[in-house]
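Listing of final-v3.pdb, PDB, C-alpha atoms and all ligand atoms
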```
ATOM      1  CA  MET C1148     -24.289-159.849-121.018
ATOM      2  CA  TYR C1149     -26.483-162.756-119.996
ATOM      3  CA  LEU C1150     -30.024-163.558-118.962
ATOM      4  CA  LYS C1151     -30.045-163.219-115.179
ATOM      5  CA  ARG C1152     -33.646-163.494-114.045
ATOM      6  CA  LEU C1153     -37.166-164.060-115.279
ATOM      7  CA  GLU C1154     -40.215-163.143-113.197
ATOM      8  CA  VAL C1155     -43.575-164.392-114.385
ATOM      9  CA  LYS C1156     -46.973-163.621-112.884
ATOM     10  CA  GLY C1157     -50.394-164.404-114.311
ATOM     11  CA  PHE C1158     -48.775-165.535-117.570
ATOM     12  CA  LYS C1159     -50.248-168.748-119.074
ATOM     13  CA  SER C1160     -49.989-171.565-116.471
ATOM     14  CA  PHE C1161     -48.083-169.369-113.959
ATOM     15  CA  ALA C1162     -50.866-167.880-111.827
ATOM     16  CA  ASP C1163     -48.597-167.101-108.859
ATOM     17  CA  LYS C1164     -45.407-165.096-109.168
ATOM     18  CA  VAL C1165     -42.474-167.309-110.141
ATOM     19  CA  ASP C1166     -38.867-166.077-110.045
ATOM     20  CA  LEU C1167     -36.311-167.962-112.091
ATOM     21  CA  GLU C1168     -32.644-167.139-111.499
ATOM     22  CA  PHE C1169     -30.230-168.122-114.262
ATOM     23  CA  GLY C1170     -26.498-168.602-113.708
ATOM     24  CA  LYS C1171     -23.776-167.849-116.234
ATOM     25  CA  GLY C1172     -23.569-171.418-117.519
ATOM     26  CA  ILE C1173     -26.192-173.646-119.076
ATOM     27  CA  THR C1174     -29.610-173.971-117.425
ATOM     28  CA  ALA C1175     -31.878-176.843-118.370
ATOM     29  CA  ILE C1176     -35.561-176.800-117.539
ATOM     30  CA  VAL C1177     -37.056-180.237-117.101
ATOM     31  CA  GLY C1178     -40.545-181.368-116.209
ATOM     32  CA  PRO C1179     -43.418-183.610-117.294
ATOM     33  CA  ASN C1180     -45.457-182.925-120.422
ATOM     34  CA  GLY C1181     -47.740-179.950-120.015
ATOM     35  CA  SER C1182     -45.950-178.652-116.909
ATOM     36  CA  GLY C1183     -45.123-175.297-118.504
ATOM     37  CA  LYS C1184     -41.587-175.590-119.929
ATOM     38  CA  SER C1185     -42.522-174.036-123.261
ATOM     39  CA  ASN C1186     -44.558-171.377-121.447
ATOM     40  CA  ILE C1187     -41.234-170.120-120.051
ATOM     41  CA  SER C1188     -39.749-169.597-123.521
ATOM     42  CA  ASP C1189     -43.080-168.037-124.582
ATOM     43  CA  ALA C1190     -42.729-165.609-121.645
ATOM     44  CA  ILE C1191     -39.241-164.590-122.839
ATOM     45  CA  ARG C1192     -40.476-164.056-126.395
ATOM     46  CA  TRP C1193     -43.501-162.115-125.146
ATOM     47  CA  VAL C1194     -41.592-159.711-122.892
ATOM     48  CA  LEU C1195     -39.256-158.961-125.802
ATOM     49  CA  GLY C1196     -42.271-157.653-127.712
ATOM     50  CA  GLU C1197     -43.773-160.593-129.627
ATOM     51  CA  GLN C1198     -47.004-159.405-131.259
ATOM     52  CA  SER C1199     -48.137-162.657-132.832
ATOM     53  CA  ALA C1200     -50.500-164.708-130.646
ATOM     54  CA  LYS C1201     -49.909-167.660-132.987
ATOM     55  CA  THR C1202     -46.155-167.622-132.342
ATOM     56  CA  LEU C1203     -47.045-167.794-128.639
ATOM     57  CA  ARG C1204     -49.262-170.828-129.390
ATOM     58  CA  GLY C1205     -52.519-168.973-128.757
ATOM     59  CA  GLY C1206     -55.469-167.725-130.768
ATOM     60  CA  LYS C1207     -55.503-164.159-129.470
ATOM     61  CA  MET C1208     -53.136-162.174-127.273
ATOM     62  CA  GLU C1209     -55.489-162.394-124.260
ATOM     63  CA  ASP C1210     -54.751-166.157-124.197
ATOM     64  CA  VAL C1211     -51.437-165.434-122.454
ATOM     65  CA  ILE C1212     -53.321-164.336-119.317
ATOM     66  CA  PHE C1213     -53.902-167.127-116.775
ATOM     67  CA  SER C1214     -57.346-168.435-117.706
ATOM     68  CA  GLY C1215     -58.125-170.284-114.473
ATOM     69  CA  THR C1216     -58.341-173.913-113.422
ATOM     70  CA  GLU C1217     -60.947-176.034-111.622
ATOM     71  CA  ASN C1218     -59.908-174.562-108.269
ATOM     72  CA  ARG C1219     -58.706-171.148-109.276
ATOM     73  CA  LYS C1220     -60.286-168.105-110.864
ATOM     74  CA  ALA C1221     -58.870-166.570-114.026
ATOM     75  CA  LEU C1222     -56.642-163.519-113.553
ATOM     76  CA  GLY C1223     -57.028-160.088-115.095
ATOM     77  CA  CYS C1224     -53.398-159.335-115.890
ATOM     78  CA  ALA C1225     -50.238-161.074-117.118
ATOM     79  CA  GLU C1226     -46.831-159.668-116.274
ATOM     80  CA  VAL C1227     -43.337-160.801-117.243
ATOM     81  CA  SER C1228     -40.011-159.166-116.322
ATOM     82  CA  LEU C1229     -36.688-160.192-117.800
ATOM     83  CA  THR C1230     -33.424-159.022-116.262
ATOM     84  CA  ILE C1231     -30.209-158.935-118.237
ATOM     85  CA  ASP C1232     -26.747-158.472-116.813
ATOM     86  CA  ASN C1233     -25.252-155.546-118.706
ATOM     87  CA  THR C1234     -21.948-155.078-116.886
ATOM     88  CA  ASN C1235     -20.102-155.099-120.222
ATOM     89  CA  LYS C1236     -22.504-152.380-121.514
ATOM     90  CA  ILE C1237     -23.404-154.255-124.696
ATOM     91  CA  LEU C1238     -26.916-152.871-124.350
ATOM     92  CA  PRO C1239     -26.717-149.122-124.993
ATOM     93  CA  LEU C1240     -27.793-147.983-121.499
ATOM     94  CA  GLU C1241     -25.647-146.954-118.538
ATOM     95  CA  TYR C1242     -27.185-149.523-116.172
ATOM     96  CA  SER C1243     -25.307-152.715-115.299
ATOM     97  CA  GLU C1244     -28.624-154.531-114.898
ATOM     98  CA  ILE C1245     -31.543-153.947-117.234
ATOM     99  CA  THR C1246     -35.065-155.180-116.551
ATOM    100  CA  VAL C1247     -37.693-155.072-119.258
ATOM    101  CA  THR C1248     -41.309-155.635-118.234
ATOM    102  CA  ARG C1249     -44.495-156.197-120.192
ATOM    103  CA  ARG C1250     -48.037-156.178-118.767
ATOM    104  CA  LEU C1251     -51.294-157.012-120.439
ATOM    105  CA  TYR C1252     -54.753-156.484-118.928
ATOM    106  CA  ARG C1253     -57.908-158.281-120.057
ATOM    107  CA  SER C1254     -59.271-154.901-121.129
ATOM    108  CA  GLY C1255     -56.601-155.002-123.866
ATOM    109  CA  GLU C1256     -54.502-152.272-122.244
ATOM    110  CA  SER C1257     -50.784-153.009-122.189
ATOM    111  CA  GLU C1258     -47.598-151.512-120.793
ATOM    112  CA  TYR C1259     -43.886-151.855-121.474
ATOM    113  CA  LEU C1260     -41.248-150.767-118.969
ATOM    114  CA  ILE C1261     -37.463-150.513-118.910
ATOM    115  CA  ASN C1262     -36.089-150.409-115.346
ATOM    116  CA  ASN C1263     -39.553-149.463-114.040
ATOM    117  CA  THR C1264     -40.019-146.535-116.423
ATOM    118  CA  ILE C1265     -42.886-146.754-118.905
ATOM    119  CA  VAL C1266     -41.597-146.880-122.471
ATOM    120  CA  ARG C1267     -42.928-147.657-125.959
ATOM    121  CA  LEU C1268     -42.651-151.055-127.610
ATOM    122  CA  LYS C1269     -40.335-149.329-130.111
ATOM    123  CA  ASP C1270     -37.876-148.558-127.271
ATOM    124  CA  ILE C1271     -37.699-152.224-126.294
ATOM    125  CA  VAL C1272     -37.233-153.305-129.917
ATOM    126  CA  GLU C1273     -34.468-150.709-130.412
ATOM    127  CA  LEU C1274     -32.746-151.639-127.152
ATOM    128  CA  PHE C1275     -32.212-155.199-128.350
ATOM    129  CA  MET C1276     -31.599-154.440-132.021
ATOM    130  CA  ASP C1277     -28.326-155.946-133.320
ATOM    131  CA  THR C1278     -27.767-157.910-130.102
ATOM    132  CA  GLY C1279     -29.404-161.159-131.228
ATOM    133  CA  ILE C1280     -31.722-161.004-128.182
ATOM    134  CA  GLY C1281     -34.848-159.459-129.742
ATOM    135  CA  LYS C1282     -37.974-161.550-130.252
ATOM    136  CA  ASP C1283     -36.722-162.556-133.709
ATOM    137  CA  GLY C1284     -33.073-162.648-132.670
ATOM    138  CA  TYR C1285     -30.899-165.725-133.108
ATOM    139  CA  SER C1286     -30.593-166.178-129.311
ATOM    140  CA  LEU C1287     -34.078-167.667-129.289
ATOM    141  CA  ILE C1288     -34.108-170.901-131.235
ATOM    142  CA  GLY C1289     -37.561-172.444-131.054
ATOM    143  CA  GLN C1290     -38.651-175.868-132.259
ATOM    144  CA  GLY C1291     -38.251-176.119-136.034
ATOM    145  CA  LYS C1292     -36.243-172.873-136.212
ATOM    146  CA  ILE C1293     -33.080-174.537-137.564
ATOM    147  CA  ASP C1294     -35.077-176.226-140.365
ATOM    148  CA  GLU C1295     -36.691-172.885-141.129
ATOM    149  CA  ILE C1296     -33.319-171.129-141.318
ATOM    150  CA  LEU C1297     -31.916-173.775-143.663
ATOM    151  CA  SER C1298     -34.915-173.803-145.953
ATOM    152  CA  THR C1299     -35.576-170.078-146.254
ATOM    153  CA  LYS C1300     -34.421-167.954-149.176
ATOM    154  CA  SER C1301     -30.860-166.673-148.988
ATOM    155  CA  GLU C1302     -32.200-163.112-148.842
ATOM    156  CA  GLU C1303     -34.100-163.957-145.625
ATOM    157  CA  ARG C1304     -31.093-165.780-144.166
ATOM    158  CA  ARG C1305     -29.144-162.607-144.732
ATOM    159  CA  ASN C1306     -31.170-160.924-141.929
ATOM    160  CA  ILE C1307     -29.506-163.221-139.383
ATOM    161  CA  PHE C1308     -26.036-162.199-140.559
ATOM    162  CA  GLU C1309     -27.015-158.547-140.636
ATOM    163  CA  GLU C1310     -28.204-158.728-137.029
ATOM    164  CA  ALA C1311     -24.925-160.413-136.002
ATOM    165  CA  ALA C1312     -22.943-157.777-137.918
ATOM    166  CA  GLY C1313     -24.820-155.024-136.060
ATOM    167  CA  ILE C1314     -26.239-153.188-139.063
ATOM    168  CA  VAL C1315     -29.995-153.729-138.569
ATOM    169  CA  LYS C1316     -30.169-150.535-136.498
ATOM    170  CA  TYR C1317     -28.747-148.487-139.369
ATOM    171  CA  LYS C1318     -30.955-150.156-141.971
ATOM    172  CA  THR C1319     -34.042-149.417-139.849
ATOM    173  CA  ARG C1320     -33.017-145.781-139.354
ATOM    174  CA  LYS C1321     -32.376-145.448-143.096
ATOM    175  CA  GLN C1322     -35.860-146.818-143.876
ATOM    176  CA  GLU C1323     -37.400-144.397-141.351
ATOM    177  CA  ALA C1324     -35.505-141.450-142.861
ATOM    178  CA  GLU C1325     -36.602-142.484-146.381
ATOM    179  CA  ARG C1326     -40.228-142.652-145.220
ATOM    180  CA  LYS C1327     -40.014-139.173-143.694
ATOM    181  CA  LEU C1328     -38.343-137.833-146.845
ATOM    182  CA  GLU C1329     -41.147-139.257-148.981
ATOM    183  CA  ASN C1330     -43.787-137.668-146.674
ATOM    184  CA  THR C1331     -42.007-134.316-146.900
ATOM    185  CA  LYS C1332     -41.916-134.582-150.724
ATOM    186  CA  GLN C1333     -45.658-135.242-150.803
ATOM    187  CA  ASN C1334     -46.284-132.266-148.488
ATOM    188  CA  LEU C1335     -44.179-130.040-150.761
ATOM    189  CA  ILE C1336     -46.165-131.125-153.832
ATOM    190  CA  ARG C1337     -49.413-130.315-152.007
ATOM    191  CA  LEU C1338     -48.045-126.963-150.890
ATOM    192  CA  ASN C1339     -47.012-126.081-154.438
ATOM    193  CA  ASP C1340     -50.498-126.979-155.676
ATOM    194  CA  ILE C1341     -52.053-124.612-153.097
ATOM    195  CA  ILE C1342     -49.617-121.797-154.041
ATOM    196  CA  ASN C1343     -50.447-122.274-157.743
ATOM    197  CA  GLU C1344     -54.166-122.132-156.964
ATOM    198  CA  LEU C1345     -53.729-118.873-155.038
ATOM    199  CA  GLU C1346     -51.638-117.185-157.729
TER
HETATM  200  P1  LIG A1401     -44.464-180.537-123.416
HETATM  201  O1  LIG A1401     -43.345-181.229-122.712
HETATM  202  O2  LIG A1401     -45.615-181.454-123.704
HETATM  203  O3  LIG A1401     -44.051-179.717-124.605
HETATM  204  P2  LIG A1401     -44.528-178.200-121.661
HETATM  205  O4  LIG A1401     -43.922-178.522-120.323
HETATM  206  O5  LIG A1401     -43.695-177.453-122.617
HETATM  207  O6  LIG A1401     -45.110-179.510-122.327
HETATM  208  P3  LIG A1401     -46.402-176.060-121.924
HETATM  209  O7  LIG A1401     -46.810-176.243-123.344
HETATM  210  O8  LIG A1401     -45.420-174.994-121.600
HETATM  211  O9  LIG A1401     -45.883-177.440-121.350
HETATM  212  O10 LIG A1401     -47.666-175.816-120.984
HETATM  213  C1  LIG A1401     -48.922-176.242-121.361
HETATM  214  C2  LIG A1401     -49.836-176.004-120.165
HETATM  215  O11 LIG A1401     -50.059-174.604-119.992
HETATM  216  C3  LIG A1401     -51.189-176.644-120.415
HETATM  217  O12 LIG A1401     -51.542-177.380-119.262
HETATM  218  C4  LIG A1401     -52.129-175.467-120.598
HETATM  219  O13 LIG A1401     -53.404-175.720-120.078
HETATM  220  C5  LIG A1401     -51.429-174.404-119.759
HETATM  221  N1  LIG A1401     -51.806-173.064-120.205
HETATM  222  C6  LIG A1401     -51.531-172.449-121.379
HETATM  223  N2  LIG A1401     -52.098-171.227-121.433
HETATM  224  C7  LIG A1401     -52.746-171.053-120.259
HETATM  225  C8  LIG A1401     -53.534-169.993-119.688
HETATM  226  N3  LIG A1401     -53.760-168.847-120.335
HETATM  227  N4  LIG A1401     -54.048-170.182-118.454
HETATM  228  C9  LIG A1401     -53.830-171.323-117.763
HETATM  229  N5  LIG A1401     -53.093-172.346-118.234
HETATM  230  C10 LIG A1401     -52.557-172.232-119.451
END
```

Have the structure of the file written as structure tokens, please.
Amino acid sequence: MYLKRLEVKGFKSFADKVDLEFGKGITAIVGPNGSGKSNISDAIRWVLGEQSAKTLRGGKMEDVIFSGTENRKALGCAEVSLTIDNTNKILPLEYSEITVTRRLYRSGESEYLINNTIVRLKDIVELFMDTGIGKDGYSLIGQGKIDEILSTKSEERRNIFEEAAGIVKYKTRKQEAERKLENTKQNLIRLNDIINELE
């Protein structure tokens, strides 16, 4: 499993569609200050479901849409697609190539897609859970991340090991089941109250 391709259109400084093909080895992106290197890692984080505009170095989510230059009008939509080679089927889908896409319109409307089918954000998050690829996964090491990992509480560091061990999925499902159980308990209490009132 490896990052194969990134397509960016209308995202931050990339007004026109840009296709980046990545090989199996190391790829280095070089360029002058302000040329958009960090915008590429922002695009990867964003398509994986990042919800914090601050983490993407903006004030509000709309800031990821190309805001225009002296010679070019602002655009109304940002779109990023990330393609992962899944020939070894590490991602739990039958496809040997998986493309996740995220779109955001200035109206605030947004869309997530997996292989061109509209999905929920939750589906994208679950797809990458326990793989280290998700927006908070250890495959994305931003500036200052190592310092953060070393200085955080051991309980928080544990999350990294849990993701590598592949148990985050089960922990999340357990939390969901506990939430549903609690809701059902509350409903039962309410139902009993109504029955008592009627008797
Ligand atoms: P450095 O080497 O200094 O870290 P960099 O190559 O990583 O720079 P980025 O931070 O990725 O550069 O890109 C910054 C550029 O992106 C700035 O010129 C900024 O104006 C532009 N930019 C950011 N958001 C938008 C947007 N929504 N619309 C148009 N341009 C944008």

Exercise. Which residue gives the smallest distance to Arg1304 of chain C among C:Arg1219, C:Leu1335, C:Glu1323, C:Tyr1285, with all atoms listed in the file counted?
Worked result: C:Tyr1285

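Using only C-alpha atoms, the nearest neighbour of Glu1256 of chain C within the list C:Phe1275, C:Pro1179, C:Glu1209, C:Asn1343 is C:Glu1209.
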
Problem set entry | Residues returned when the PyMOL selection byres (((chain C and resi 1153) around 7) and not hetatm) runs on this file, as a count of residues only | 9

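For ligand LIG 1401 (chain A), the set of protein, DNA and RNA residues within 6 Å, based on all atoms listed in the file, reads Lys1159, Ser1160, Pro1179, Asn1180, Gly1181, Ser1182, Gly1183, Lys1184, Ser1185, Asn1186, Asp1210, Val1211, Ile1212, Phe1213, Ser1214 and Gly1215 of chain C.
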
Just write the chosen residues, C-alpha atoms, as a compact mmCIF listing (two decimals), in the coordinates of the input.
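Below is the file selection.txt, written as the result:
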```txt
# COMPACT_ATOMS: atom_id res chain seq x y z
CA LYS C 1159 -50.25 -168.75 -119.07
CA SER C 1160 -49.99 -171.56 -116.47
CA PRO C 1179 -43.42 -183.61 -117.29
CA ASN C 1180 -45.46 -182.92 -120.42
CA GLY C 1181 -47.74 -179.95 -120.02
CA SER C 1182 -45.95 -178.65 -116.91
CA GLY C 1183 -45.12 -175.30 -118.50
CA LYS C 1184 -41.59 -175.59 -119.93
CA SER C 1185 -42.52 -174.04 -123.26
CA ASN C 1186 -44.56 -171.38 -121.45
CA ASP C 1210 -54.75 -166.16 -124.20
CA VAL C 1211 -51.44 -165.43 -122.45
CA ILE C 1212 -53.32 -164.34 -119.32
CA PHE C 1213 -53.90 -167.13 -116.78
CA SER C 1214 -57.35 -168.44 -117.71
CA GLY C 1215 -58.12 -170.28 -114.47
```

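Here atom CA of Thr1202 of chain C and atom CA of Lys1292 of chain C stand 11.9 Å from one another.
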
Go through segment 1279-1340 of chain C residue by residue and, counting all atoms listed in the file, keep those with an atom at most 12 Å from segment 1231-1254 of chain C; for each kept residue give the shortest atom pair and its distance in Å to one decimal, ordered by chain and increasing number, as CSV.
```
residue,atom,partner,partner_atom,distance
C:Gly1279,CA,C:Leu1238,CA,11.1
C:Ile1280,CA,C:Leu1238,CA,10.2
C:Gly1281,CA,C:Leu1238,CA,11.6
C:Gly1313,CA,C:Ile1237,CA,11.5
```

Let me know the residues the PyMOL selection byres (((chain C and resi 1192) around 10) and not hetatm) catches in the file above, as a compact mmCIF listing (two decimals) with C-alpha atoms, keeping the file's coordinate frame.
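Contents of the output file expr_32.txt:
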```
# COMPACT_ATOMS: atom_id res chain seq x y z
CA ASN C 1186 -44.56 -171.38 -121.45
CA ILE C 1187 -41.23 -170.12 -120.05
CA SER C 1188 -39.75 -169.60 -123.52
CA ASP C 1189 -43.08 -168.04 -124.58
CA ALA C 1190 -42.73 -165.61 -121.64
CA ILE C 1191 -39.24 -164.59 -122.84
CA TRP C 1193 -43.50 -162.12 -125.15
CA VAL C 1194 -41.59 -159.71 -122.89
CA LEU C 1195 -39.26 -158.96 -125.80
CA GLY C 1196 -42.27 -157.65 -127.71
CA GLU C 1197 -43.77 -160.59 -129.63
CA GLN C 1198 -47.00 -159.40 -131.26
CA THR C 1202 -46.16 -167.62 -132.34
CA LEU C 1203 -47.04 -167.79 -128.64
CA ILE C 1280 -31.72 -161.00 -128.18
CA GLY C 1281 -34.85 -159.46 -129.74
CA LYS C 1282 -37.97 -161.55 -130.25
CA ASP C 1283 -36.72 -162.56 -133.71
CA GLY C 1284 -33.07 -162.65 -132.67
CA LEU C 1287 -34.08 -167.67 -129.29
```

For this session: For atom CA of Lys1316 of chain C and atom CA of Leu1274 of chain C, determine how far apart the two atoms are, in Å to one decimal place.
Result: 9.8 Å

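Note that atom CA of Met1276 of chain C and atom CA of Tyr1149 of chain C are 15.5 Å apart.
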
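The residue that comes closest to Glu1309 of chain C, out of C:Asp1277, C:Asn1263, C:Lys1220, C:Lys1332 and on the basis of all atoms listed in the file, is C:Asp1277.
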
Exercise. Which one of C:Val1227, C:Gly1255, C:Ile1336, C:Val1165 sits closest to Lys1207 of chain C if you count all atoms listed in the file?
Worked result: C:Gly1255
